[in-house]
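Chemist: Next up, target37.cif (mmCIF, C-alpha atoms).
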data_input
#
loop_
_atom_site.label_atom_id
_atom_site.label_comp_id
_atom_site.auth_asym_id
_atom_site.auth_seq_id
_atom_site.Cartn_x
_atom_site.Cartn_y
_atom_site.Cartn_z
CA MET T 6 -18.80 22.21 20.45
CA ASN T 7 -18.42 19.08 18.38
CA SER T 8 -17.33 21.00 15.31
CA ILE T 9 -14.42 22.48 17.31
CA TYR T 10 -13.09 18.93 17.90
CA ILE T 11 -13.57 18.05 14.24
CA ILE T 12 -11.77 21.12 12.90
CA SER T 13 -8.96 21.06 15.45
CA SER T 14 -8.11 17.39 14.97
CA ILE T 15 -8.01 17.85 11.19
CA LEU T 16 -5.87 20.99 11.46
CA ILE T 17 -3.44 19.45 13.97
CA THR T 18 -2.98 16.41 11.71
CA ILE T 19 -2.31 18.63 8.69
CA ALA T 20 0.10 20.84 10.68
CA ILE T 21 2.24 17.95 11.97
CA TYR T 22 2.19 16.33 8.53
CA ILE T 23 3.42 19.50 6.79
CA LEU T 24 6.10 20.01 9.45
CA PHE T 25 7.52 16.52 8.84
CA LEU T 26 7.15 16.91 5.09
CA LYS T 27 9.63 19.78 5.43
CA ILE T 28 11.91 17.89 7.84
CA TYR T 29 11.89 14.76 5.67
CA GLY T 30 12.75 16.95 2.70
CA ILE T 31 15.95 18.01 4.47
CA LYS T 32 16.86 14.75 6.18
CA LYS T 33 15.61 11.53 4.57
CA TYR T 34 15.65 9.47 7.75
CA ILE T 35 12.95 6.79 7.67
CA LEU T 36 11.42 7.72 11.05
CA PHE T 37 10.94 11.29 9.79
CA HIS T 38 8.72 10.00 6.99
CA PRO T 39 5.64 12.26 7.36
CA ASN T 40 3.18 9.38 7.70
CA ILE T 41 5.23 7.51 10.31
CA ALA T 42 6.32 10.56 12.29
CA THR T 43 2.82 12.10 12.38
CA THR T 44 1.32 8.79 13.51
CA ILE T 45 3.87 8.34 16.30
CA ILE T 46 3.46 11.91 17.53
CA LEU T 47 -0.35 11.78 17.49
CA ILE T 48 -0.32 8.44 19.35
CA LEU T 49 2.03 9.91 21.96
CA VAL T 50 -0.14 13.03 22.31
CA LEU T 51 -3.32 10.99 22.74
CA TYR T 52 -1.56 8.66 25.18
CA ILE T 53 -0.11 11.42 27.35
CA THR T 54 -3.16 13.72 27.38
CA LYS T 55 -5.53 10.71 27.76
CA ILE T 56 -7.75 12.08 24.98
CA PRO T 57 -9.81 9.12 23.75
CA PHE T 58 -9.15 8.04 20.16
CA GLU T 59 -12.86 8.34 19.36
CA LEU T 60 -12.69 12.06 20.04
CA TYR T 61 -9.74 12.53 17.68
CA ASN T 62 -11.49 10.41 15.09
CA THR T 63 -14.55 12.68 14.98
CA GLY T 64 -12.34 14.80 12.72
CA GLY T 65 -10.07 11.98 11.59
CA GLN T 66 -12.90 10.13 9.87
CA TYR T 67 -13.22 12.98 7.36
CA ILE T 68 -9.57 12.44 6.37
CA THR T 69 -10.10 8.67 6.09
CA TYR T 70 -13.13 9.33 3.90
CA PHE T 71 -10.81 10.27 1.01
CA LEU T 72 -8.97 6.93 1.00
CA GLY T 73 -11.31 5.61 -1.68
CA ILE T 74 -10.26 8.18 -4.27
CA CYS T 75 -6.65 7.62 -3.21
CA ILE T 76 -7.00 4.12 -4.64
CA VAL T 77 -8.85 5.25 -7.76
CA VAL T 78 -6.09 7.79 -8.45
CA LEU T 79 -3.51 4.96 -8.67
CA ALA T 80 -4.88 4.38 -12.17
CA ILE T 81 -2.82 7.37 -13.37
CA PRO T 82 0.66 6.08 -12.36
CA MET T 83 -0.45 2.70 -13.74
CA TYR T 84 -1.34 4.36 -17.03
CA GLN T 85 2.11 5.98 -17.19
CA THR T 86 3.84 2.61 -16.86
CA LEU T 87 1.33 0.69 -18.95
CA GLU T 88 3.72 0.10 -21.87
CA LEU T 89 6.37 -1.33 -19.56
CA LEU T 90 3.73 -3.48 -17.86
CA LYS T 91 2.46 -4.81 -21.21
CA GLU T 92 5.99 -5.73 -22.31
CA ASN T 93 6.71 -7.60 -19.09
CA ILE T 94 3.24 -8.75 -18.13
CA LYS T 95 4.20 -12.43 -17.75
CA LEU T 96 7.24 -11.73 -15.59
CA ILE T 97 5.40 -9.28 -13.33
CA VAL T 98 2.23 -11.31 -12.84
CA LEU T 99 4.11 -14.57 -12.24
CA THR T 100 6.61 -13.03 -9.83
CA SER T 101 3.78 -11.23 -8.07
CA LEU T 102 1.83 -14.46 -7.62
CA VAL T 103 4.96 -16.23 -6.34
CA SER T 104 5.57 -13.43 -3.83
CA ILE T 105 1.93 -13.36 -2.67
CA TYR T 106 1.84 -17.10 -2.00
CA THR T 107 5.29 -17.03 -0.40
CA SER T 108 4.17 -14.18 1.82
CA PHE T 109 1.00 -16.00 2.87
CA PHE T 110 2.49 -19.45 3.50
CA SER T 111 5.66 -18.15 5.17
CA MET T 112 3.44 -16.21 7.57
CA MET T 113 1.35 -19.28 8.31
CA ILE T 114 4.40 -21.43 9.07
CA ILE T 115 6.13 -18.80 11.21
CA ALA T 116 2.90 -18.00 13.06
CA ARG T 117 2.57 -21.66 13.92
CA PHE T 118 6.09 -21.79 15.31
CA LEU T 119 5.64 -18.58 17.29
CA ASN T 120 2.17 -19.54 18.54
CA ILE T 121 0.40 -16.44 17.27
CA PRO T 122 -3.39 -16.90 17.20
CA LYS T 123 -5.23 -16.99 13.89
CA SER T 124 -7.33 -13.92 14.71
CA LEU T 125 -4.17 -11.78 14.71
CA VAL T 126 -2.38 -13.29 11.69
CA PHE T 127 -5.60 -13.02 9.72
CA SER T 128 -5.44 -9.22 9.63
CA LEU T 129 -1.78 -9.27 8.60
CA ILE T 130 -2.38 -11.07 5.28
CA PRO T 131 -2.28 -7.86 3.19
CA LYS T 132 1.05 -6.77 4.77
CA SER T 133 2.92 -6.46 1.47
CA ILE T 134 0.47 -4.24 -0.41
CA THR T 135 0.11 -0.51 -0.41
CA SER T 136 -1.68 0.72 2.71
CA ALA T 137 -4.81 2.19 1.11
CA MET T 138 -5.47 -1.15 -0.59
CA ALA T 139 -4.56 -3.05 2.59
CA ILE T 140 -7.36 -1.23 4.41
CA GLU T 141 -9.85 -2.20 1.69
CA ALA T 142 -8.53 -5.77 1.87
CA SER T 143 -9.01 -5.98 5.63
CA LYS T 144 -12.56 -4.63 5.31
CA LEU T 145 -13.22 -7.42 2.83
CA ILE T 146 -12.13 -10.20 5.20
CA ASN T 147 -13.53 -8.47 8.31
CA GLY T 148 -10.03 -8.10 9.73
CA SER T 149 -8.80 -5.27 11.89
CA GLU T 150 -7.81 -2.23 9.84
CA ALA T 151 -5.35 -1.06 12.48
CA MET T 152 -3.60 -4.44 12.48
CA ALA T 153 -3.39 -4.36 8.69
CA ILE T 154 -1.75 -0.93 8.89
CA LEU T 155 0.65 -2.21 11.58
CA GLY T 156 1.66 -5.03 9.23
CA VAL T 157 2.08 -2.71 6.27
CA MET T 158 4.07 -0.14 8.23
CA VAL T 159 6.48 -2.58 9.91
CA THR T 160 6.99 -4.42 6.61
CA GLY T 161 7.56 -1.14 4.77
CA ILE T 162 10.01 0.31 7.28
CA MET T 163 11.99 -2.92 7.56
CA GLY T 164 11.92 -3.39 3.80
CA ALA T 165 13.40 0.07 3.33
CA ILE T 166 16.11 -0.66 5.89
CA ILE T 167 17.14 -4.23 5.01
CA GLY T 168 15.67 -4.82 1.53
CA ARG T 169 18.69 -3.87 -0.56
CA PHE T 170 21.06 -5.49 1.92
CA VAL T 171 19.25 -8.85 1.67
CA LEU T 172 19.28 -8.71 -2.14
CA ASP T 173 23.00 -7.90 -2.10
CA ARG T 174 23.71 -10.84 0.17
CA ILE T 175 22.05 -13.36 -2.15
CA ASN T 176 23.76 -11.78 -5.19
CA ILE T 177 20.76 -10.56 -7.14
CA THR T 178 22.16 -8.01 -9.56
CA ASN T 179 19.48 -7.93 -12.25
CA PRO T 180 17.83 -4.49 -11.86
CA ILE T 181 14.44 -5.84 -12.99
CA ALA T 182 14.52 -8.59 -10.35
CA ARG T 183 15.66 -6.17 -7.66
CA GLY T 184 12.84 -3.77 -8.53
CA CYS T 185 10.16 -6.46 -8.52
CA SER T 186 11.42 -7.90 -5.25
CA LEU T 187 11.49 -4.55 -3.45
CA GLY T 188 8.09 -3.41 -4.75
CA MET T 189 6.35 -6.71 -4.12
CA SER T 190 7.65 -7.19 -0.60
CA ALA T 191 7.74 -3.65 0.75
CA HIS T 192 5.36 -1.66 -1.51
CA VAL T 193 5.93 2.14 -1.57
CA MET T 194 8.76 2.08 1.00
CA GLY T 195 10.63 -0.52 -1.04
CA THR T 196 10.09 1.58 -4.14
CA THR T 197 11.73 4.64 -2.61
CA GLN T 198 14.81 2.46 -2.10
CA ALA T 199 14.54 1.00 -5.60
CA LEU T 200 14.39 4.49 -7.10
CA GLU T 201 17.77 5.25 -5.58
CA GLU T 202 19.30 2.39 -7.56
CA GLY T 203 18.20 3.69 -10.92
CA GLU T 204 15.38 4.13 -13.36
CA ILE T 205 14.77 0.48 -14.32
CA THR T 206 14.77 -0.79 -10.73
CA GLY T 207 12.52 2.08 -9.66
CA SER T 208 9.93 1.73 -12.39
CA PHE T 209 9.67 -2.05 -12.05
CA SER T 210 9.24 -1.61 -8.32
CA ALA T 211 6.56 1.05 -8.83
CA LEU T 212 4.60 -1.04 -11.25
CA SER T 213 4.75 -4.09 -8.98
CA ILE T 214 2.72 -2.24 -6.34
CA PRO T 215 -0.75 -2.07 -7.95
CA VAL T 216 -0.33 -5.52 -9.55
CA THR T 217 0.53 -7.13 -6.20
CA GLY T 218 -2.31 -5.20 -4.54
CA VAL T 219 -4.99 -6.31 -6.98
CA LEU T 220 -3.75 -9.92 -7.12
CA THR T 221 -3.63 -10.16 -3.31
CA ILE T 222 -7.22 -8.95 -3.08
CA ILE T 223 -8.36 -11.44 -5.73
CA ASN T 224 -6.66 -14.24 -3.76
CA LEU T 225 -8.17 -13.25 -0.40
CA PRO T 226 -11.17 -15.63 -0.52
CA LEU T 227 -8.74 -18.52 -1.08
CA PHE T 228 -6.49 -17.41 1.79
CA THR T 229 -9.39 -17.10 4.23
CA VAL T 230 -10.37 -20.69 3.49
CA VAL T 231 -6.80 -22.04 3.74
CA ILE T 232 -6.04 -20.23 7.01
CA ASP T 233 -8.86 -22.13 8.73
CA TYR T 234 -7.05 -25.40 8.06
CA LEU T 235 -3.58 -24.19 8.96
CA LEU T 236 -4.03 -22.23 12.16
CA LYS T 237 -6.07 -22.55 15.30
CA MET U 16 -12.08 34.07 -15.50
CA LYS U 17 -8.72 32.50 -16.31
CA LEU U 18 -8.15 31.65 -12.65
CA ILE U 19 -11.55 30.00 -12.33
CA LYS U 20 -10.86 27.95 -15.44
CA LYS U 21 -7.48 26.94 -14.06
CA ILE U 22 -8.98 25.82 -10.75
CA LEU U 23 -11.71 23.92 -12.59
CA ASN U 24 -9.28 22.11 -14.88
CA ASN U 25 -6.58 21.37 -12.33
CA PHE U 26 -8.66 20.56 -9.29
CA ILE U 27 -12.45 20.38 -9.49
CA ILE U 28 -12.88 18.33 -12.68
CA PRO U 29 -10.20 15.70 -11.88
CA LEU U 30 -11.60 15.36 -8.35
CA ALA U 31 -15.12 14.97 -9.73
CA ILE U 32 -13.90 12.29 -12.16
CA LEU U 33 -12.19 10.37 -9.35
CA LEU U 34 -15.32 10.57 -7.17
CA MET U 35 -17.46 9.46 -10.10
CA PHE U 36 -15.29 6.38 -10.73
CA GLN U 37 -15.31 5.55 -7.03
CA LEU U 38 -19.11 5.76 -7.07
CA ILE U 39 -19.35 3.52 -10.14
CA GLY U 40 -16.91 1.08 -8.50
CA ASN U 41 -18.94 1.02 -5.30
CA LEU U 42 -22.16 0.42 -7.23
CA ILE U 43 -20.62 -2.49 -9.15
CA ASN U 44 -19.19 -3.82 -5.87
CA SER U 45 -22.53 -3.81 -4.10
CA TYR U 46 -24.51 -5.40 -6.94
CA ILE U 47 -22.16 -7.58 -9.00
CA LEU U 48 -18.55 -8.10 -7.85
CA LYS U 49 -18.87 -8.40 -4.08
CA PHE U 50 -15.35 -9.81 -3.60
CA ILE U 51 -13.47 -6.85 -5.14
CA PRO U 52 -13.56 -3.52 -3.25
CA GLY U 53 -15.34 -0.66 -5.01
CA PRO U 54 -12.35 1.72 -5.24
CA ILE U 55 -10.27 -1.01 -6.93
CA ILE U 56 -12.98 -1.57 -9.54
CA GLY U 57 -13.06 2.21 -9.96
CA MET U 58 -9.29 2.28 -10.45
CA LEU U 59 -9.36 -0.43 -13.13
CA LEU U 60 -12.27 1.27 -14.92
CA LEU U 61 -10.45 4.62 -14.89
CA LEU U 62 -7.36 2.92 -16.31
CA LEU U 63 -9.54 1.43 -19.06
CA ALA U 64 -11.20 4.79 -19.72
CA MET U 65 -7.81 6.43 -20.15
CA THR U 66 -6.42 3.76 -22.47
CA ILE U 67 -9.41 4.12 -24.80
CA ASN U 68 -9.19 7.92 -24.51
CA ILE U 69 -12.53 8.64 -22.89
CA ILE U 70 -10.73 10.45 -20.06
CA PRO U 71 -7.70 12.44 -21.30
CA TYR U 72 -4.51 11.71 -19.36
CA GLU U 73 -3.44 15.38 -19.57
CA LEU U 74 -6.50 16.41 -17.56
CA MET U 75 -5.70 14.08 -14.65
CA LYS U 76 -1.91 14.43 -14.67
CA ASN U 77 -1.29 17.35 -12.29
CA PHE U 78 -3.96 16.61 -9.73
CA SER U 79 -3.09 12.94 -9.55
CA ALA U 80 0.62 13.65 -9.09
CA PHE U 81 -0.29 15.82 -6.10
CA LEU U 82 -2.68 13.27 -4.61
CA VAL U 83 -0.37 10.28 -5.13
CA LYS U 84 2.43 12.14 -3.38
CA HIS U 85 0.26 12.66 -0.32
CA ILE U 86 -1.69 9.40 -0.16
CA SER U 87 -0.05 8.55 3.16
CA PHE U 88 -1.63 11.63 4.74
CA PHE U 89 -5.09 10.12 4.40
CA LEU U 90 -3.91 7.01 6.25
CA ILE U 91 -2.88 8.81 9.40
CA PRO U 92 -6.18 8.52 11.36
CA THR U 93 -6.31 4.77 10.66
CA SER U 94 -2.68 4.42 11.76
CA VAL U 95 -3.43 6.38 14.93
CA SER U 96 -6.20 3.87 15.70
CA LEU U 97 -3.33 1.51 16.58
CA ILE U 98 -3.53 3.13 20.02
CA VAL U 99 -6.78 1.23 20.55
CA ILE U 100 -5.35 -2.08 19.27
CA ILE U 101 -1.92 -2.18 20.92
CA PRO U 102 -3.08 -2.73 24.53
CA ARG U 103 -5.13 -5.70 23.29
CA ILE U 104 -2.20 -7.41 21.51
CA ASP U 105 0.37 -6.49 24.15
CA ASP U 106 1.67 -10.05 24.65
CA TYR U 107 2.09 -10.63 20.94
CA VAL U 108 3.68 -7.39 19.70
CA VAL U 109 7.27 -8.68 19.72
CA ARG U 110 6.28 -11.97 18.08
CA ILE U 111 4.20 -10.18 15.43
CA ILE U 112 7.11 -7.91 14.53
CA LEU U 113 9.42 -10.94 14.35
CA LEU U 114 6.88 -12.70 12.13
CA LEU U 115 6.70 -9.70 9.80
CA ILE U 116 10.48 -9.34 9.52
CA LEU U 117 11.08 -13.05 8.85
CA SER U 118 8.30 -13.23 6.30
CA LEU U 119 9.62 -10.07 4.62
CA ILE U 120 13.10 -11.56 4.24
CA ILE U 121 11.68 -14.79 2.79
CA VAL U 122 9.50 -12.88 0.30
CA LEU U 123 12.45 -10.67 -0.74
CA ILE U 124 14.66 -13.68 -1.40
CA VAL U 125 12.04 -15.82 -3.15
CA SER U 126 10.59 -13.08 -5.38
CA GLY U 127 14.04 -11.68 -6.23
CA SER U 128 15.41 -15.12 -7.12
CA PHE U 129 12.33 -16.04 -9.11
CA ALA U 130 12.31 -12.80 -11.14
CA SER U 131 16.03 -13.06 -11.88
CA TRP U 132 15.70 -16.76 -12.86
CA TYR U 133 12.66 -16.02 -15.02
CA SER U 134 14.18 -13.07 -16.87
CA ARG U 135 17.39 -15.03 -17.51
CA LYS U 136 15.32 -17.93 -18.84
CA THR U 137 13.28 -15.74 -21.22
CA ILE U 138 16.38 -13.93 -22.55
CA LYS U 139 17.98 -17.32 -23.25
CA GLY U 140 14.75 -18.45 -24.93
CA ASP U 141 14.77 -15.37 -27.16
CA THR U 142 18.32 -15.99 -28.39
CA ASP U 143 17.59 -19.67 -29.07
CA GLU U 144 14.78 -18.83 -31.44
#
What is this file in structure tokens?

Modeler:
Amino acid sequence: MNSIYIISSILITIAIYILFLKIYGIKKYILFHPNIATTIILILVLYITKIPFELYNTGGQYITYFLGICIVVLAIPMYQTLELLKENIKLIVLTSLVSIYTSFFSMMIIARFLNIPKSLVFSLIPKSITSAMAIEASKLINGSEAMAILGVMVTGIMGAIIGRFVLDRINITNPIARGCSLGMSAHVMGTTQALEEGEITGSFSALSIPVTGVLTIINLPLFTVVIDYLLK
Amino acid sequence: MKLIKKILNNFIIPLAILLMFQLIGNLINSYILKFIPGPIIGMLLLLLAMTINIIPYELMKNFSAFLVKHISFFLIPTSVSLIVIIPRIDDYVVRIILLLILSLIIVLIVSGSFASWYSRKTIKGDTDE
């Protein structure tokens, strides 16, 4: 009986994902992005039919199991851009560090103004890194994985919608700077936007993603100490 | 025979290599580097192995392109687990989204300005020399 649940939840996830892969191929509207659309539909289905999440996750956990190799595989795109990274290592690492600290401290200040408790902000720290790494990051600090994903998804969607607009408004025309900014603030979603602007912007954005991810994770122990002082 | 070889080269071997590096990463994580997640150590080691030509890039190319394209698929169950979280953070959802948007705008502006200032500075420095 149990194996029926496992197989059906895996198959349903794959089916909806493939459907939206096709739809997104025709119409590149951000809410049709396969990951976002499949998530929303599955949440609605579970909510309406009152199927408990745990039951869906009996199959879902086998999909999640592959997240580890999804991080390992990022070595290959990194290898492809290694020359570009070597040439610009100072720029990328420095900008990435600036963006990580800006992200962390801006969140702390805003959270204080909006009265959001520490336990919630805590899980949002890895909001600007690619989702597979964000999950690893939240495991590391004992945060909530779902909250981390919420942070990553909202940041990504908004980054794709307003990212280029914001950069236009403050007159940043340098393609390298635009690429770094989009990739470091809105990870993969920002990169899809950067790719539309051209090759340089796109590749700088793409290579910002793993650098920002790794640097954020290295900085996590520091952040967890600092957050204790800044928020209640 | 040809088909089997093709499947081996394009799918089984690259997958086995990825799993092997994840395993090595997890081992190093549990014994030595506890503050870096295993898969990230695995990723950095695989990058190193490819730069010193232990693992040929050509072997990994096709499979990795496929997997990278569909990474977000493997995130779906974790994203769906939001259904468990959302009722608990009900009162804060609007504020959290506001927080994320404001912080995003600040990061965009600061990192964009910094990168454009820094690259202008280094280009100037190059011409001075």

Chemist: Give one line per residue of chain T that approaches chain U to at most 7 Å, naming the two atoms of the closest pair and their distance in Å to one decimal, counting only C-alpha atoms; sort by chain then ascending residue number and deliver it as CSV.

Modeler:
residue,atom,partner,partner_atom,distance
T:Asn40,CA,U:Ser87,CA,5.6
T:Thr44,CA,U:Val95,CA,5.5
T:Leu47,CA,U:Val95,CA,6.7
T:Ile48,CA,U:Val95,CA,5.8
T:Phe58,CA,U:Ser96,CA,6.8
T:Asn62,CA,U:Pro92,CA,6.8
T:Gly65,CA,U:Pro92,CA,5.2
T:Ile68,CA,U:Phe89,CA,5.4
T:Thr69,CA,U:Phe89,CA,5.5
T:Phe71,CA,U:Phe89,CA,6.7
T:Leu72,CA,U:Phe89,CA,6.1
T:Gly73,CA,U:Pro54,CA,5.4
T:Ile74,CA,U:Leu33,CA,5.9
T:Cys75,CA,U:Ile86,CA,6.1
T:Ile76,CA,U:Pro54,CA,5.9
T:Val77,CA,U:Met58,CA,4.0
T:Val78,CA,U:Ser79,CA,6.1
T:Leu79,CA,U:Met58,CA,6.6
T:Ala80,CA,U:Leu62,CA,5.0
T:Ile81,CA,U:Ser79,CA,6.8
T:Tyr84,CA,U:Leu62,CA,6.2
T:Leu96,CA,U:Ala130,CA,6.8
T:Thr100,CA,U:Ala130,CA,5.9
T:Val103,CA,U:Ser126,CA,6.5
T:Ser104,CA,U:Ser126,CA,5.3
T:Thr107,CA,U:Val122,CA,6.0
T:Ser108,CA,U:Val122,CA,5.7
T:Ser111,CA,U:Ser118,CA,5.7
T:Met112,CA,U:Ser118,CA,5.8
T:Ile115,CA,U:Leu114,CA,6.2
T:Ala116,CA,U:Leu114,CA,6.7
T:Leu119,CA,U:Arg110,CA,6.7
T:Glu141,CA,U:Pro52,CA,6.3
T:Ala151,CA,U:Leu97,CA,5.2
T:Ile154,CA,U:Ser94,CA,6.1
T:Gly156,CA,U:Leu115,CA,6.9
T:Thr160,CA,U:Leu115,CA,6.2
T:Met163,CA,U:Ile116,CA,6.9
T:Leu172,CA,U:Ile124,CA,6.8
T:Ile177,CA,U:Gly127,CA,6.9
T:Asn179,CA,U:Ser131,CA,6.2
T:Ala182,CA,U:Ala130,CA,4.8
T:Arg183,CA,U:Gly127,CA,5.9
T:Cys185,CA,U:Gly127,CA,6.9
T:Ser186,CA,U:Gly127,CA,4.7
T:Leu187,CA,U:Leu123,CA,6.8
T:Ser190,CA,U:Leu123,CA,5.9
T:Ile222,CA,U:Ile51,CA,6.9
T:Ile223,CA,U:Ile51,CA,6.9

Chemist: Applied to this file, what does the PyMOL selection byres ((chain T and resi 136) around 9) return in terms of residues, put as an MDAnalysis selection string?

Modeler: (chainID T and resid 131:135 137:141 153:154 157:158 192:193) or (chainID U and resid 87 90)

Chemist: Which residues, named as in the file, does the PyMOL selection byres ((chain U and resi 25) around 8) pick out? Answer as a list in words.

Modeler: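 On the file shown, the PyMOL selection byres ((chain U and resi 25) around 8) covers Lys21, Ile22, Leu23, Asn24, Phe26, Ile27, Ile28, Pro29, Leu74, Met75, Asn77 and Phe78 of chain U.
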
Chemist: Take atom CA of T:Val216 and atom CA of T:Met189 and report the distance between them in Å, one decimal.

Modeler: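 Those two atoms sit 8.7 Å apart.
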
Chemist: Hey, can you check how far atom CA of T:Glu204 sits from atom CA of T:Leu99?

Modeler: 21.9 Å

Chemist: By how many Å are atom CA of T:Ile162 and atom CA of T:Ile35 apart?

Modeler: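 Here the two named atoms are 7.1 Å from each other.
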
Chemist: Quick one: what's the axis-aligned box for stretch 187-203 of chain T, all listed atoms, 6 Å on every side, centre and edges in Å to one decimal, as lines of an AutoDock Vina configuration file?

Modeler:
center_x = 12.3
center_y = -1.0
center_z = -5.0
size_x = 25.9
size_y = 24.4
size_z = 23.9

Chemist: Nearest residue to T:Leu212 out of T:Lys91, T:Leu145, T:Ile15, T:Ile56, using all atoms listed in the file?

Modeler: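 Of the candidates, the smallest distance to T:Leu212 is held by T:Lys91.
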